[in-house]
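**Q** My structure is in start-v4.txt, and what it holds is compact mmCIF, C-alpha atoms:
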# COMPACT_ATOMS: atom_id res chain seq x y z
CA MET A 2 7.55 -6.80 3.48
CA VAL A 3 9.19 -7.20 6.86
CA GLN A 4 10.72 -10.45 5.59
CA ILE A 5 12.16 -8.62 2.57
CA TYR A 6 13.52 -5.97 4.91
CA ASN A 7 15.18 -8.60 7.09
CA ASP A 8 16.66 -10.30 4.03
CA TYR A 9 18.12 -7.20 2.41
CA LYS A 10 18.67 -4.62 5.15
CA ASP A 11 22.42 -5.19 4.89
CA HIS A 12 22.31 -4.06 1.26
CA ALA A 13 19.54 -1.47 0.94
CA ASP A 14 17.79 1.09 3.10
CA PHE A 15 14.07 0.96 3.73
CA LEU A 16 11.66 3.75 4.56
CA THR A 17 7.95 3.54 5.22
CA VAL A 18 6.01 6.69 4.37
CA TYR A 19 2.69 6.86 6.15
CA VAL A 20 0.09 8.53 3.95
CA ARG A 21 -3.60 9.34 4.21
CA GLU A 22 -5.82 6.49 5.32
CA ALA A 23 -7.14 4.09 2.71
CA HIS A 24 -10.29 2.98 4.54
CA PRO A 25 -11.17 5.42 7.29
CA THR A 26 -14.48 5.21 9.12
CA ASP A 27 -15.71 8.47 7.58
CA GLU A 28 -14.95 7.41 3.99
CA TRP A 29 -14.93 3.88 2.56
CA GLN A 30 -14.50 1.62 5.55
CA MET A 31 -14.30 -2.07 4.76
CA LYS A 32 -15.81 -4.86 6.85
CA SER A 33 -12.34 -6.29 7.32
CA ASN A 34 -11.36 -3.10 9.14
CA VAL A 35 -14.16 -3.62 11.64
CA LYS A 36 -13.29 -7.30 12.01
CA ASP A 37 -9.63 -6.47 12.63
CA ASP A 38 -10.49 -3.55 14.91
CA VAL A 39 -8.73 -1.04 12.68
CA CYS A 40 -11.24 1.79 12.85
CA TYR A 41 -9.93 5.32 12.42
CA ALA A 42 -11.40 8.43 10.87
CA GLN A 43 -9.34 10.25 8.26
CA PRO A 44 -6.96 12.36 10.36
CA LYS A 45 -7.49 16.09 10.10
CA THR A 46 -4.21 17.01 11.81
CA LEU A 47 -0.69 15.74 11.56
CA ALA A 48 -0.75 14.80 15.24
CA GLN A 49 -3.72 12.51 14.60
CA ARG A 50 -1.92 10.88 11.68
CA VAL A 51 1.20 10.35 13.79
CA ALA A 52 -0.91 8.79 16.55
CA ILE A 53 -2.44 6.26 14.14
CA ALA A 54 1.00 5.47 12.70
CA ASN A 55 2.28 4.82 16.21
CA ASP A 56 -0.68 2.50 16.88
CA PHE A 57 0.26 0.52 13.79
CA ILE A 58 3.88 0.20 14.84
CA LYS A 59 3.01 -0.88 18.36
CA ARG A 60 0.47 -3.45 17.23
CA PHE A 61 2.81 -5.16 14.78
CA ASN A 62 6.18 -4.33 16.31
CA TYR A 63 7.03 -2.93 12.90
CA PRO A 64 10.81 -2.61 12.51
CA ILE A 65 11.20 -0.55 9.31
CA ALA A 66 12.16 3.15 9.46
CA PHE A 67 9.11 5.38 9.38
CA GLY A 68 8.17 8.88 8.26
CA VAL A 69 4.73 10.46 8.28
CA ASP A 70 3.52 12.48 5.32
CA ASP A 71 2.50 16.03 6.14
CA ILE A 72 -1.23 16.69 6.40
CA ASP A 73 -1.11 18.47 3.02
CA ASN A 74 -0.15 15.04 1.56
CA ALA A 75 2.94 16.36 -0.23
CA ALA A 76 4.76 13.02 -0.38
CA ASN A 77 1.61 11.18 -1.40
CA ASP A 78 0.95 13.65 -4.22
CA ALA A 79 4.57 13.66 -5.41
CA TYR A 80 4.62 9.87 -5.68
CA SER A 81 0.93 9.26 -6.50
CA ALA A 82 1.13 6.75 -3.71
CA TRP A 83 -2.37 6.38 -2.22
CA PRO A 84 -3.53 3.87 -1.13
CA GLU A 85 -0.25 1.93 -1.21
CA ARG A 86 2.74 1.73 -3.46
CA PHE A 87 6.39 0.73 -3.63
CA TYR A 88 9.26 2.66 -5.11
CA ILE A 89 12.98 2.02 -5.18
CA ILE A 90 15.31 4.99 -5.47
CA ASP A 91 18.82 4.13 -6.59
CA GLU A 92 22.10 5.60 -5.37
CA SER A 93 21.97 8.40 -7.94
CA GLY A 94 18.58 9.54 -6.62
CA ARG A 95 16.61 8.27 -9.57
CA ILE A 96 13.54 6.06 -9.61
CA ALA A 97 14.82 2.54 -10.20
CA TYR A 98 11.52 0.75 -9.60
CA ARG A 99 7.99 2.10 -9.66
CA GLY A 100 5.41 -0.32 -8.32
CA GLY A 101 1.81 -0.51 -9.37
CA MET A 102 -0.92 1.05 -7.29
CA GLY A 103 -2.50 -0.96 -4.53
CA PRO A 104 -4.38 -3.00 -3.79
CA PHE A 105 -4.41 -4.96 -7.04
CA HIS A 106 -0.98 -4.02 -8.37
CA TYR A 107 0.85 -3.77 -5.05
CA ASN A 108 3.42 -6.52 -5.37
CA PRO A 109 6.15 -7.07 -2.76
CA ASP A 110 7.54 -9.90 -4.90
CA GLU A 111 8.58 -7.35 -7.51
CA VAL A 112 10.57 -5.48 -4.87
CA ARG A 113 12.17 -8.74 -3.79
CA GLY A 114 12.90 -9.53 -7.44
CA TRP A 115 14.67 -6.20 -7.95
CA LEU A 116 16.76 -6.68 -4.83
CA ALA A 117 17.48 -10.31 -5.69
CA ALA A 118 18.65 -9.37 -9.18
CA ARG A 119 21.18 -7.03 -7.63
CA TYR A 120 22.19 -8.78 -4.43
CA GLY A 121 21.17 -12.38 -4.94
CA ALA A 122 18.11 -14.32 -3.90
CA VAL A 123 17.54 -15.17 -0.26
CA LYS A 124 15.86 -18.50 0.14
CA HIS A 125 13.81 -19.53 3.10
CA ASP A 126 12.79 -22.96 4.28
CA PRO A 127 9.09 -23.57 3.73
CA PRO A 128 7.00 -23.11 6.87
CA PRO A 129 6.46 -26.30 8.85
CA THR A 130 3.25 -28.18 8.22
CA PRO A 131 0.84 -27.18 11.00
CA THR A 132 0.12 -29.89 13.53
CA ARG A 133 -2.31 -29.95 16.42
CA THR A 134 0.42 -29.01 18.85
CA SER A 135 2.07 -26.23 16.80
CA ALA A 136 1.04 -22.56 16.88
CA PRO A 137 -0.02 -20.82 13.60
CA PRO A 138 2.68 -18.69 11.89
CA PRO A 139 2.46 -14.95 12.63
CA THR A 140 0.85 -12.74 9.98
CA GLU A 141 3.34 -10.32 8.38
CA PRO A 142 2.00 -6.76 8.62
CA THR A 143 2.21 -4.33 5.74
CA PRO A 144 0.75 -0.82 5.86
CA GLY A 145 -2.24 -0.50 3.66
CA THR A 146 -2.87 -4.17 3.15
CA ASP A 147 -6.56 -4.97 3.36
CA MET B 16 -35.87 0.10 -32.35
CA SER B 17 -36.12 -3.44 -33.65
CA LEU B 18 -37.07 -6.32 -31.41
CA PHE B 19 -33.59 -7.81 -31.76
CA TRP B 20 -31.90 -4.73 -30.32
CA LYS B 21 -34.41 -4.48 -27.49
CA TRP B 22 -33.64 -8.06 -26.52
CA ALA B 23 -29.90 -7.48 -26.89
CA ILE B 24 -30.01 -4.42 -24.60
CA GLY B 25 -32.21 -6.31 -22.13
CA VAL B 26 -29.83 -9.28 -21.99
CA PHE B 27 -26.85 -6.95 -21.63
CA LEU B 28 -28.48 -5.14 -18.69
CA VAL B 29 -29.36 -8.42 -17.00
CA LEU B 30 -25.78 -9.64 -17.40
CA LEU B 31 -24.46 -6.35 -16.04
CA LEU B 32 -26.73 -6.67 -13.01
CA ALA B 33 -25.64 -10.28 -12.49
CA VAL B 34 -21.97 -9.29 -12.61
CA PHE B 35 -22.58 -6.46 -10.13
CA LEU B 36 -24.47 -8.78 -7.78
CA LEU B 37 -21.61 -11.28 -7.97
CA LEU B 38 -19.14 -8.50 -7.25
CA CYS B 39 -21.26 -7.42 -4.26
CA LYS B 40 -21.19 -10.97 -2.93
CA MET B 41 -17.41 -11.22 -3.40
CA ALA B 42 -16.66 -7.77 -1.98
CA GLY B 43 -19.16 -8.05 0.87
CA SER B 44 -21.63 -5.28 0.09
CA PRO B 45 -22.69 -2.92 -2.75
CA LYS B 46 -20.61 -0.15 -1.14
CA ASP B 47 -17.53 -2.38 -1.16
CA ALA B 48 -18.21 -3.46 -4.74
CA TYR B 49 -18.45 0.19 -5.81
CA GLY B 50 -15.19 0.92 -3.99
CA MET B 51 -13.46 -1.98 -5.75
CA LEU B 52 -14.69 -0.77 -9.14
CA ARG B 53 -13.33 2.71 -8.40
CA TYR B 54 -9.91 1.17 -7.82
CA ALA B 55 -10.03 -0.19 -11.36
CA LEU B 56 -10.88 3.14 -12.98
CA PRO B 57 -8.15 4.85 -15.06
CA HIS B 58 -7.72 7.76 -12.63
CA MET B 59 -6.60 5.30 -10.00
CA HIS B 60 -3.58 4.43 -12.11
CA ARG B 61 -2.40 7.97 -12.02
CA GLY B 62 1.11 9.19 -11.62
CA THR B 63 3.62 10.54 -14.07
CA LEU B 64 6.81 9.32 -12.43
CA LYS B 65 8.79 6.90 -14.56
CA VAL B 66 11.84 4.75 -13.96
CA GLY B 67 14.82 6.98 -14.55
CA ASP B 68 13.16 10.16 -13.28
CA ASP B 69 14.67 12.09 -10.40
CA ALA B 70 12.96 10.96 -7.23
CA PRO B 71 10.84 13.78 -5.81
CA ASP B 72 11.65 15.07 -2.37
CA ALA B 73 9.14 15.61 0.40
CA ARG B 74 9.34 16.50 4.07
CA LEU B 75 8.25 13.85 6.53
CA LEU B 76 7.65 13.89 10.25
CA ALA B 77 9.36 11.36 12.49
CA LEU B 78 7.26 9.24 14.83
CA ASP B 79 8.21 11.39 17.79
CA GLY B 80 5.97 14.05 16.26
CA ALA B 81 8.69 16.68 16.59
CA ASN B 82 11.54 16.04 14.18
CA HIS B 83 11.35 16.37 10.41
CA PHE B 84 13.47 14.86 7.69
CA HIS B 85 13.35 14.64 3.90
CA ILE B 86 13.00 11.54 1.74
CA ARG B 87 16.07 12.52 -0.27
CA GLU B 88 18.18 12.67 2.90
CA ARG B 89 17.84 8.88 3.00
CA THR B 90 19.12 8.35 -0.56
CA GLY B 91 22.67 8.20 -1.78
CA ALA B 92 24.82 5.48 -0.30
CA ARG B 93 22.49 2.56 -0.98
CA PRO B 94 19.20 1.96 -2.80
CA LEU B 95 16.19 3.13 -0.84
CA VAL B 96 13.04 1.01 -0.83
CA VAL B 97 10.09 3.31 -0.10
CA ILE B 98 6.88 1.75 1.16
CA PHE B 99 3.83 4.00 1.01
CA GLY B 100 0.74 2.96 2.90
CA SER B 101 -1.53 3.39 5.92
CA TYR B 102 -2.96 1.32 8.76
CA THR B 103 -6.51 1.10 7.40
Could you write out this file's structure as structure tokens?
**A**
Amino acid sequence: MVQIYNDYKDHADFLTVYVREAHPTDEWQMKSNVKDDVCYAQPKTLAQRVAIANDFIKRFNYPIAFGVDDIDNAANDAYSAWPERFYIIDESGRIAYRGGMGPFHYNPDEVRGWLAARYGAVKHDPPPTPTRTSAPPPTEPTPGTD
Amino acid sequence: MSLFWKWAIGVFLVLLLAVFLLLCKMAGSPKDAYGMLRYALPHMHRGTLKVGDDAPDARLLALDGANHFHIRERTGARPLVVIFGSYT
């Protein structure tokens, strides 16, 4: 998603809305969370949620504008967003794209497709073939990705 | 119940168990398999918003933990891509 942001930030605005945790330790925690050292209980206060959001941003140096949903989950409920979802709101304030619900229908390529249809595709050179002397490419972080 | 139907139900249950065991292996554990199945249930595909609807507004807190803003304050001049998610 950060790549899409970098490609289209001159044409569209981006906003990340941090919602309630998908896999907290006190609900359905996945083994991948333990492996990746992403272990947080479901926040009970807004301050706790903000602290976790800040941890995420620091860990991945996440560049996209950020807002944290209130602890009553108003944004999440309004957009039926949990655990993860994309929307695009057009200039008239209407829903122009409504993504499927994550994890199985969460598709950044559809967002890229919408932006590409409007502003043109942005092509990237394929990543170099790894050799023994080259470092592995960095993993692109996306909130809510398992 | 006839013998045929007893066998049919038995085979069906064995297949169901085999599928669940395969799902457990793929997901990592029975708890993870159950969680994955829940994601596939109809209530997980909830939401009444449609393309063309007015985008709802909601108040958000900035990362400084002090300042608030609204989603709709960010709309208007250009399309707004909204990414909902969490760290876990």
**Q** Mind dumping a table of every chain B residue within 9 Å of chain A, with the nearest atom pair and its distance in Å to one decimal, using only C-alpha atoms, sorted by chain and rising number, as a tab-separated table?
**A**
residue	atom	partner	partner_atom	distance
B:Gly43	CA	A:Lys32	CA	7.6
B:Ser44	CA	A:Lys32	CA	8.9
B:Lys46	CA	A:Trp29	CA	7.9
B:Asp47	CA	A:Met31	CA	6.8
B:Gly50	CA	A:Trp29	CA	7.2
B:Tyr54	CA	A:Pro104	CA	8.0
B:Ala55	CA	A:Phe105	CA	8.5
B:Met59	CA	A:Met102	CA	7.6
B:His60	CA	A:Met102	CA	6.5
B:Arg61	CA	A:Ser81	CA	6.6
B:Gly62	CA	A:Ser81	CA	5.1
B:Thr63	CA	A:Ser81	CA	8.1
B:Leu64	CA	A:Tyr80	CA	7.1
B:Lys65	CA	A:Arg99	CA	6.9
B:Val66	CA	A:Ile96	CA	4.9
B:Gly67	CA	A:Ile96	CA	5.2
B:Asp68	CA	A:Arg95	CA	5.4
B:Asp69	CA	A:Arg95	CA	4.4
B:Ala70	CA	A:Arg95	CA	5.1
B:Pro71	CA	A:Ala79	CA	6.3
B:Asp72	CA	A:Ala76	CA	7.5
B:Ala73	CA	A:Ala76	CA	5.1
B:Arg74	CA	A:Asp71	CA	7.2
B:Leu75	CA	A:Asp70	CA	5.1
B:Leu76	CA	A:Val69	CA	4.9
B:Ala77	CA	A:Gly68	CA	5.0
B:Leu78	CA	A:Val51	CA	6.2
B:Asp79	CA	A:Val51	CA	8.1
B:Gly80	CA	A:Val51	CA	6.5
B:His83	CA	A:Gly68	CA	8.4
B:Phe84	CA	A:Gly68	CA	8.0
B:His85	CA	A:Gly68	CA	8.9
B:Ile86	CA	A:Leu16	CA	8.4
B:Arg87	CA	A:Gly94	CA	7.5
B:Arg89	CA	A:Asp14	CA	7.8
B:Thr90	CA	A:Gly94	CA	6.2
B:Gly91	CA	A:Glu92	CA	4.5
B:Ala92	CA	A:Glu92	CA	5.8
B:Arg93	CA	A:Ala13	CA	5.4
B:Pro94	CA	A:Asp91	CA	4.4
B:Leu95	CA	A:Asp14	CA	4.7
B:Val96	CA	A:Ile89	CA	4.5
B:Val97	CA	A:Leu16	CA	4.9
B:Ile98	CA	A:Thr17	CA	4.6
B:Phe99	CA	A:Val18	CA	4.8
B:Gly100	CA	A:Glu85	CA	4.4
B:Ser101	CA	A:Gly145	CA	4.6
B:Tyr102	CA	A:Pro144	CA	5.2
B:Thr103	CA	A:His24	CA	5.1
**Q** Within 12 Å of (-16.9, -3.3, -7.5), in the coordinates the file gives, what residues turn up when you count only C-alpha atoms, written out as a VMD selection string?
**A** chain B and resid 31 to 32 34 to 56
**Q** Take CA of Arg113 (chain A) and CA of Ile5 (chain A) and report the distance between them in Å, one decimal.
**A**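 Between these atoms lies a distance of 6.4 Å.
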**Q** Measure the distance from CA of Ala118 (chain A) to CA of Tyr9 (chain A) in Å and round it to one decimal.
**A** 11.8 Å
**Q** What is the distance, in Å and to one decimal place, between CA of Lys45 (chain A) and CA of Asp73 (chain A)?
**A** 9.8 Å
